[in-house]
>>> print(open('final-v6.txt').read())   # compact mmCIF, C-alpha atoms
# COMPACT_ATOMS: atom_id res chain seq x y z
CA MET A 1 0.00 0.00 0.00
CA TRP A 2 1.27 3.47 -0.91
CA GLY A 3 0.38 6.88 0.47
CA THR A 4 1.40 10.30 1.70
CA TYR A 5 2.21 11.13 5.32
CA PRO A 6 1.76 14.90 5.72
CA TRP A 7 3.38 15.21 9.16
CA PHE A 8 4.84 18.38 10.61
CA ILE A 9 6.35 18.90 14.05
CA GLU A 10 3.15 20.72 15.08
CA ASP A 11 1.27 17.41 14.65
CA GLY A 12 3.25 15.99 17.55
CA VAL A 13 6.45 14.00 17.89
CA ASP A 14 4.42 11.21 19.49
CA LEU A 15 3.29 10.17 15.98
CA ILE A 16 6.85 9.20 14.97
CA HIS A 17 8.92 6.49 16.69
CA PRO A 18 11.53 8.17 18.93
CA ASP A 19 14.38 6.35 17.16
CA ASP A 20 13.17 7.63 13.77
CA ILE A 21 12.19 11.23 14.57
CA ASP A 22 15.47 12.95 13.61
CA ALA A 23 15.69 11.20 10.24
CA PHE A 24 11.96 11.61 9.53
CA LYS A 25 12.16 15.38 10.07
CA LYS A 26 14.29 15.47 6.90
CA GLU A 27 11.48 13.77 4.91
CA VAL A 28 8.79 16.30 5.85
CA SER A 29 6.65 16.93 2.78
CA THR A 30 2.95 16.71 2.08
CA CYS A 31 3.66 15.29 -1.39
CA LYS A 32 6.16 12.47 -0.84
CA VAL A 33 4.76 9.02 -1.53
CA PHE A 34 5.76 6.31 0.94
CA GLU A 35 5.29 2.57 0.69
CA CYS A 36 3.66 1.06 3.78
CA ILE A 37 5.64 -2.14 4.28
CA GLU A 38 4.34 -3.26 7.68
CA GLU A 39 1.34 -2.72 9.95
CA LYS A 40 1.94 -3.85 13.55
CA GLY A 41 0.59 -1.36 16.06
CA CYS A 42 2.37 1.39 14.20
CA ILE A 43 3.07 1.33 10.48
CA THR A 44 6.46 1.16 8.83
CA LEU A 45 6.90 3.45 5.85
CA ARG A 46 9.63 3.16 3.25
CA TYR A 47 10.93 6.10 1.28
CA ASN A 48 13.64 5.04 -1.12
CA ASP A 49 16.14 3.11 1.05
CA LYS A 50 14.97 4.49 4.42
CA GLN A 51 12.30 3.15 6.77
CA TYR A 52 10.28 4.97 9.42
CA ARG A 53 7.89 3.75 12.11
CA VAL A 54 4.91 6.09 12.49
CA ALA A 55 1.35 6.16 13.82
CA SER A 56 -1.18 5.39 11.10
CA LYS A 57 -3.26 8.50 11.93
CA LEU A 58 -1.91 10.72 9.11
CA PHE A 59 -1.40 8.08 6.40
CA ASN A 60 -3.39 8.89 3.23
CA PRO A 61 -3.47 6.06 0.66
CA VAL A 62 -2.79 6.87 -2.98
CA PRO A 63 -2.65 4.54 -6.01
CA THR A 64 0.46 2.42 -6.44
CA PRO A 65 2.98 4.32 -8.58
CA LYS A 66 3.89 2.85 -11.93
CA TYR A 67 7.61 3.28 -11.21
CA ASN A 68 9.54 2.54 -8.04
CA PHE A 69 12.58 4.01 -6.30
CA GLY A 70 15.79 3.16 -8.11
CA GLU A 71 13.98 1.94 -11.22
CA ILE A 72 15.64 2.74 -14.56
CA VAL A 73 13.37 4.53 -17.04
CA LYS A 74 13.89 6.00 -20.51
CA LEU A 75 12.83 9.51 -21.39
CA LYS A 76 10.52 9.78 -24.39
CA LYS A 77 12.07 12.99 -25.66
CA ASN A 78 15.58 11.60 -26.18
CA GLY A 79 15.71 7.97 -25.05
CA GLU A 80 18.14 8.86 -22.27
CA GLU A 81 18.17 6.52 -19.27
CA ALA A 82 17.33 7.89 -15.85
CA THR A 83 16.86 6.56 -12.32
CA ILE A 84 13.77 7.32 -10.24
CA THR A 85 14.96 9.12 -7.08
CA ASP A 86 11.70 10.51 -5.66
CA ILE A 87 8.01 9.69 -5.96
CA MET A 88 5.53 12.47 -5.25
CA TRP A 89 1.76 12.98 -5.34
CA HIS A 90 0.02 15.85 -7.11
CA TYR A 91 -3.16 16.45 -5.11
CA ASP A 92 -4.98 18.57 -7.72
CA LYS A 93 -4.19 16.33 -10.70
CA ARG A 94 -4.44 13.17 -8.58
CA GLU A 95 -1.37 11.63 -10.19
CA HIS A 96 2.19 10.74 -9.36
CA TYR A 97 5.15 12.76 -10.45
CA TYR A 98 8.78 11.81 -10.20
CA PHE A 99 12.22 13.26 -9.78
CA ILE A 100 15.03 11.50 -11.60
CA ALA A 101 18.79 11.35 -11.81
CA ILE A 102 20.71 11.07 -15.07
CA LYS A 103 24.28 9.81 -14.72
CA ASN A 104 23.96 10.26 -10.92
CA LYS A 105 22.97 13.93 -11.29
CA ARG A 106 19.53 14.73 -9.85
CA LYS A 107 17.31 16.81 -12.11
CA SER A 108 15.08 19.57 -10.71
CA LYS A 109 12.31 19.07 -13.31
CA ARG A 110 9.25 17.07 -12.32
CA TYR A 111 8.34 14.19 -14.63
CA VAL A 112 5.02 12.45 -15.08
CA GLU A 113 4.52 8.87 -16.25
CA SER A 114 3.65 9.90 -19.80
CA GLU A 115 7.16 11.32 -20.23
CA PHE A 116 8.76 7.88 -19.89
CA LEU A 117 8.90 5.16 -22.56
>>> encode(input="final-v6.txt", output="structure tokens")
Amino acid sequence: MWGTYPWFIEDGVDLIHPDDIDAFKKEVSTCKVFECIEEKGCITLRYNDKQYRVASKLFNPVPTPKYNFGEIVKLKKNGEEATITDIMWHYDKREHYYFIAIKNKRKSKRYVESEFL
């Protein structure tokens, strides 16, 4: 299951496992899409290669993204290979968008699924 976790410090540190709070503060974003990999009392969310234990209270499910972290994609415009680095959710358009890296250099442009081959 995939979803957003729009947590901010004002929501309370009690929603994030004490051992994960410092690292999770760096992930704060209303748009990041996490994979829920475990539900046992709290839920465990994965973002790229990091995992966080959080209360389920703020988890908002979204559809499963077509592409996953670290997946190699090809750009339609030039056939160049890129790696998915970030998966985000566009609330108004109700679709995923992605950030990529080309030759280990992260691009600032947002990409949508239709821009990949």
>>> residues_around(input="final-v6.txt", residues="A:Pro65", least_positions_apart="4", cutoff="8 Å", atoms="all atoms listed in the file", output="count of residues only")
3
>>> atom_distance(input="final-v6.txt", atom1="atom CA of A:His90", atom2="atom CA of A:Lys107")
18.0 Å
>>> atom_distance(input="final-v6.txt", atom1="atom CA of A:Glu81", atom2="atom CA of A:Asn104")
10.8 Å
>>> residues_around(input="final-v6.txt", residues="A:Val112", least_positions_apart="3", cutoff="7 Å", atoms="only C-alpha atoms", output="PDB file with C-alpha atoms, in the coordinates of the input")
ATOM      1  CA  HIS A  96       2.190  10.740  -9.360  1.00  0.00           C
ATOM      2  CA  TYR A  97       5.150  12.760 -10.450  1.00  0.00           C
ATOM      3  CA  TYR A  98       8.780  11.810 -10.200  1.00  0.00           C
ATOM      4  CA  GLU A 115       7.160  11.320 -20.230  1.00  0.00           C
TER       5      GLU A 115
END
>>> closest_residue(input="final-v6.txt", among="A:Gly79, A:Lys50, A:Thr4, A:Gly12", to="A:Phe34", atoms="only C-alpha atoms")
A:Thr4
>>> closest_residue(input="final-v6.txt", among="A:Glu35, A:Phe116, A:Asn48, A:Ser29", to="A:Ile72", atoms="only C-alpha atoms")
A:Phe116
>>> closest_residue(input="final-v6.txt", among="A:Leu117, A:Asp92, A:Phe99, A:Glu38", to="A:Asn78", atoms="only C-alpha atoms")
A:Leu117
>>> residues_around(input="final-v6.txt", residues="stretch 58-60 of chain A", least_positions_apart="3", cutoff="8 Å", atoms="only C-alpha atoms", output="list of chain:residue names")
A:Gly3, A:Thr4, A:Tyr5, A:Pro6, A:Trp7, A:Ala55
>>> atom_distance(input="final-v6.txt", atom1="atom CA of A:Lys26", atom2="atom CA of A:Gln51")
12.5 Å
>>> closest_residue(input="final-v6.txt", among="A:Glu113, A:Glu80, A:Asp86, A:Asp22", to="A:Lys66", atoms="all atoms listed in the file")
A:Glu113
>>> closest_residue(input="final-v6.txt", among="A:Glu27, A:Glu95, A:Asp14, A:Asp20", to="A:Ser56", atoms="only C-alpha atoms")
A:Asp14
>>> closest_residue(input="final-v6.txt", among="A:Arg94, A:Lys76, A:Lys25, A:Arg110", to="A:Pro63", atoms="all atoms listed in the file")
A:Arg94
>>> residues_around(input="final-v6.txt", residues="A:Tyr52", least_positions_apart="6", cutoff="9 Å", atoms="all atoms listed in the file", output="list in words")
Ile16, His17, Asp19, Asp20, Ile21, Ala23, Phe24, Ile43, Thr44, Leu45 and Arg46 of chain A
